[in-house]
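J.: Got a structure for you, my_file08.cif, holding mmCIF, C-alpha atoms and all ligand atoms.
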data_start
#
loop_
_atom_site.group_PDB
_atom_site.id
_atom_site.type_symbol
_atom_site.label_atom_id
_atom_site.label_comp_id
_atom_site.auth_asym_id
_atom_site.auth_seq_id
_atom_site.Cartn_x
_atom_site.Cartn_y
_atom_site.Cartn_z
ATOM 1 C CA MET L 30 -1.007 -12.941 -7.527
ATOM 2 C CA LEU L 31 0.025 -9.707 -9.180
ATOM 3 C CA ASP L 32 -3.016 -9.791 -11.402
ATOM 4 C CA GLU L 33 -5.177 -9.955 -8.326
ATOM 5 C CA ILE L 34 -3.364 -7.010 -6.833
ATOM 6 C CA LYS L 35 -3.525 -5.060 -10.057
ATOM 7 C CA LYS L 36 -7.257 -5.580 -10.207
ATOM 8 C CA ASP L 37 -7.653 -4.059 -6.772
ATOM 9 C CA ALA L 38 -5.089 -1.316 -7.141
ATOM 10 C CA THR L 39 -6.487 2.166 -7.207
ATOM 11 C CA GLN L 40 -5.051 5.312 -8.672
ATOM 12 C CA ASN L 41 -3.838 6.472 -5.297
ATOM 13 C CA HIS L 42 -0.646 8.451 -5.253
ATOM 14 C CA VAL L 43 2.233 6.400 -3.860
ATOM 15 C CA GLN L 44 5.490 7.872 -2.676
ATOM 16 C CA TRP L 45 8.509 5.899 -1.556
ATOM 17 C CA ASN L 46 9.553 6.874 1.952
ATOM 18 C CA GLY L 47 12.693 4.757 2.095
ATOM 19 C CA GLU L 48 13.368 1.089 2.808
ATOM 20 C CA ASP L 49 10.007 -0.711 2.931
ATOM 21 C CA ARG L 50 7.898 2.324 3.722
ATOM 22 C CA TYR L 51 5.511 3.966 1.294
ATOM 23 C CA SER L 52 3.192 6.904 1.701
ATOM 24 C CA VAL L 53 -0.159 6.271 -0.002
ATOM 25 C CA THR L 54 -2.501 9.180 -0.583
ATOM 26 C CA GLY L 55 -6.075 8.530 -1.666
ATOM 27 C CA ARG L 56 -8.332 11.176 -3.097
ATOM 28 C CA PRO L 57 -10.560 11.770 -0.093
ATOM 29 C CA SER L 58 -8.360 10.237 2.548
ATOM 30 C CA GLU L 59 -5.295 11.341 4.437
ATOM 31 C CA PRO L 60 -1.867 9.963 3.513
ATOM 32 C CA ARG L 61 -1.249 6.564 5.062
ATOM 33 C CA VAL L 62 2.212 5.185 5.687
ATOM 34 C CA VAL L 63 2.515 1.537 4.687
ATOM 35 C CA ASP L 64 5.443 -0.621 5.769
ATOM 36 C CA ILE L 65 5.634 -3.617 3.470
ATOM 37 C CA GLY L 66 8.443 -5.218 5.467
ATOM 38 C CA LYS L 67 6.547 -5.097 8.758
ATOM 39 C CA ARG L 68 3.168 -5.593 7.042
ATOM 40 C CA THR L 69 1.619 -2.612 8.728
ATOM 41 C CA CYS L 70 -0.455 0.322 7.567
ATOM 42 C CA ALA L 71 -1.394 3.501 9.373
ATOM 43 C CA CYS L 72 -5.061 2.569 9.017
ATOM 44 C CA ARG L 73 -4.234 -0.646 10.977
ATOM 45 C CA ARG L 74 -6.538 -2.786 8.837
ATOM 46 C CA TRP L 75 -3.628 -4.883 7.587
ATOM 47 C CA GLU L 76 -2.548 -5.711 11.129
ATOM 48 C CA ILE L 77 -6.053 -6.450 12.364
ATOM 49 C CA THR L 78 -7.353 -8.512 9.444
ATOM 50 C CA SER L 79 -4.055 -9.872 8.048
ATOM 51 C CA MET L 80 -5.441 -8.893 4.645
ATOM 52 C CA PRO L 81 -3.632 -6.090 2.840
ATOM 53 C CA CYS L 82 -5.779 -2.972 2.854
ATOM 54 C CA ARG L 83 -6.124 -0.807 -0.226
ATOM 55 C CA HIS L 84 -3.140 1.302 0.799
ATOM 56 C CA ALA L 85 -0.995 -1.806 1.189
ATOM 57 C CA VAL L 86 -2.153 -3.128 -2.176
ATOM 58 C CA ASP L 87 -1.202 0.149 -3.795
ATOM 59 C CA ALA L 88 2.201 0.150 -2.107
ATOM 60 C CA ILE L 89 2.883 -3.462 -3.125
ATOM 61 C CA TRP L 90 1.814 -2.753 -6.679
ATOM 62 C CA PHE L 91 3.966 0.380 -6.776
ATOM 63 C CA LYS L 92 6.952 -1.657 -5.635
ATOM 64 C CA ALA L 93 6.252 -4.412 -8.163
ATOM 65 C CA THR L 94 6.032 -1.988 -11.065
ATOM 66 C CA ASN L 95 8.865 0.288 -9.999
ATOM 67 C CA GLY L 96 11.403 -2.286 -8.979
HETATM 68 ZN ZN ZN P 101 -4.345 1.017 5.050
#
Could you quickly redo this structure as structure tokens?
Ligand SMILES: [Zn+2]

T.:
Amino acid sequence: MLDEIKKDATQNHVQWNGEDRYSVTGRPSEPRVVDIGKRTCACRRWEITSMPCRHAVDAIWFKATNG
């Protein structure tokens, strides 16, 4: 599971916003706020497809590697 996530994780900058919220900033894209607890992302792809988008993957990976 984590290996799969790691494979997809990008080098986006992730910042913890408190509780389950993370701010994920990609190189060309605007910062997206991901809520791991609610399984939502500002890009809405996670809600629509039920598959974690790249921002969500980065946030989950950040959480896994930073406790
Ligand atoms: Zn997203």

J.: Using all atoms listed in the file, which protein or nucleic acid residues are at most 8 Å from ligand ZN 101 (chain P), as a tab-separated table (two decimals) with C-alpha atoms, in the frame of the given file?

T.:
chain	number	residue	atom	x	y	z
L	61	ARG	CA	-1.25	6.56	5.06
L	62	VAL	CA	2.21	5.18	5.69
L	63	VAL	CA	2.52	1.54	4.69
L	69	THR	CA	1.62	-2.61	8.73
L	70	CYS	CA	-0.46	0.32	7.57
L	71	ALA	CA	-1.39	3.50	9.37
L	72	CYS	CA	-5.06	2.57	9.02
L	73	ARG	CA	-4.23	-0.65	10.98
L	74	ARG	CA	-6.54	-2.79	8.84
L	75	TRP	CA	-3.63	-4.88	7.59
L	81	PRO	CA	-3.63	-6.09	2.84
L	82	CYS	CA	-5.78	-2.97	2.85
L	83	ARG	CA	-6.12	-0.81	-0.23
L	84	HIS	CA	-3.14	1.30	0.80
L	85	ALA	CA	-1.00	-1.81	1.19

J.: Could you write out as JSON, numbers by chain the residues that the PyMOL selection byres (((chain L and resi 88) around 9) and not hetatm) matches in the shown file?

T.: {"L": [38, 43, 44, 45, 50, 51, 52, 53, 63, 64, 65, 83, 84, 85, 86, 87, 89, 90, 91, 92, 93]}

J.: CA of Asp32 in chain L and CA of Glu59 in chain L are how many Å apart?

T.: 26.5 Å

J.: Output: range 51-85 of chain L of the preceding structure, restricted to C-alpha atoms, written as a PDB file, in the first residue's frame.

T.:
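In the end it all went to out_17.pdb:
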ATOM      1  CA  TYR L  51      -2.565  19.494   4.423  1.00  0.00           C
ATOM      2  CA  SER L  52      -1.671  22.140   1.898  1.00  0.00           C
ATOM      3  CA  VAL L  53      -0.036  20.616  -1.189  1.00  0.00           C
ATOM      4  CA  THR L  54       1.766  22.882  -3.619  1.00  0.00           C
ATOM      5  CA  GLY L  55       2.840  21.541  -6.998  1.00  0.00           C
ATOM      6  CA  ARG L  56       5.326  23.267  -9.230  1.00  0.00           C
ATOM      7  CA  PRO L  57       2.950  24.672 -11.822  1.00  0.00           C
ATOM      8  CA  SER L  58      -0.247  24.406  -9.854  1.00  0.00           C
ATOM      9  CA  GLU L  59      -1.859  26.406  -7.100  1.00  0.00           C
ATOM     10  CA  PRO L  60      -1.799  25.132  -3.511  1.00  0.00           C
ATOM     11  CA  ARG L  61      -4.530  22.588  -2.872  1.00  0.00           C
ATOM     12  CA  VAL L  62      -5.909  21.870   0.570  1.00  0.00           C
ATOM     13  CA  VAL L  63      -6.339  18.153   1.207  1.00  0.00           C
ATOM     14  CA  ASP L  64      -8.381  16.822   4.114  1.00  0.00           C
ATOM     15  CA  ILE L  65      -7.361  13.237   4.750  1.00  0.00           C
ATOM     16  CA  GLY L  66     -10.038  12.738   7.401  1.00  0.00           C
ATOM     17  CA  LYS L  67     -12.881  13.838   5.133  1.00  0.00           C
ATOM     18  CA  ARG L  68     -11.182  12.434   2.012  1.00  0.00           C
ATOM     19  CA  THR L  69     -11.524  15.652   0.101  1.00  0.00           C
ATOM     20  CA  CYS L  70      -9.198  17.760  -1.998  1.00  0.00           C
ATOM     21  CA  ALA L  71      -9.631  21.266  -3.329  1.00  0.00           C
ATOM     22  CA  CYS L  72      -9.326  19.913  -6.867  1.00  0.00           C
ATOM     23  CA  ARG L  73     -12.388  17.707  -6.080  1.00  0.00           C
ATOM     24  CA  ARG L  74     -10.988  14.729  -7.988  1.00  0.00           C
ATOM     25  CA  TRP L  75     -10.844  12.620  -4.832  1.00  0.00           C
ATOM     26  CA  GLU L  76     -14.523  13.221  -4.121  1.00  0.00           C
ATOM     27  CA  ILE L  77     -15.636  12.631  -7.694  1.00  0.00           C
ATOM     28  CA  THR L  78     -13.570   9.546  -8.521  1.00  0.00           C
ATOM     29  CA  SER L  79     -13.057   8.108  -5.007  1.00  0.00           C
ATOM     30  CA  MET L  80      -9.425   7.668  -6.048  1.00  0.00           C
ATOM     31  CA  PRO L  81      -6.884   9.805  -4.215  1.00  0.00           C
ATOM     32  CA  CYS L  82      -5.575  12.497  -6.533  1.00  0.00           C
ATOM     33  CA  ARG L  83      -1.899  13.375  -6.650  1.00  0.00           C
ATOM     34  CA  HIS L  84      -2.336  15.993  -3.936  1.00  0.00           C
ATOM     35  CA  ALA L  85      -4.016  13.455  -1.668  1.00  0.00           C
TER      36      ALA L  85
END
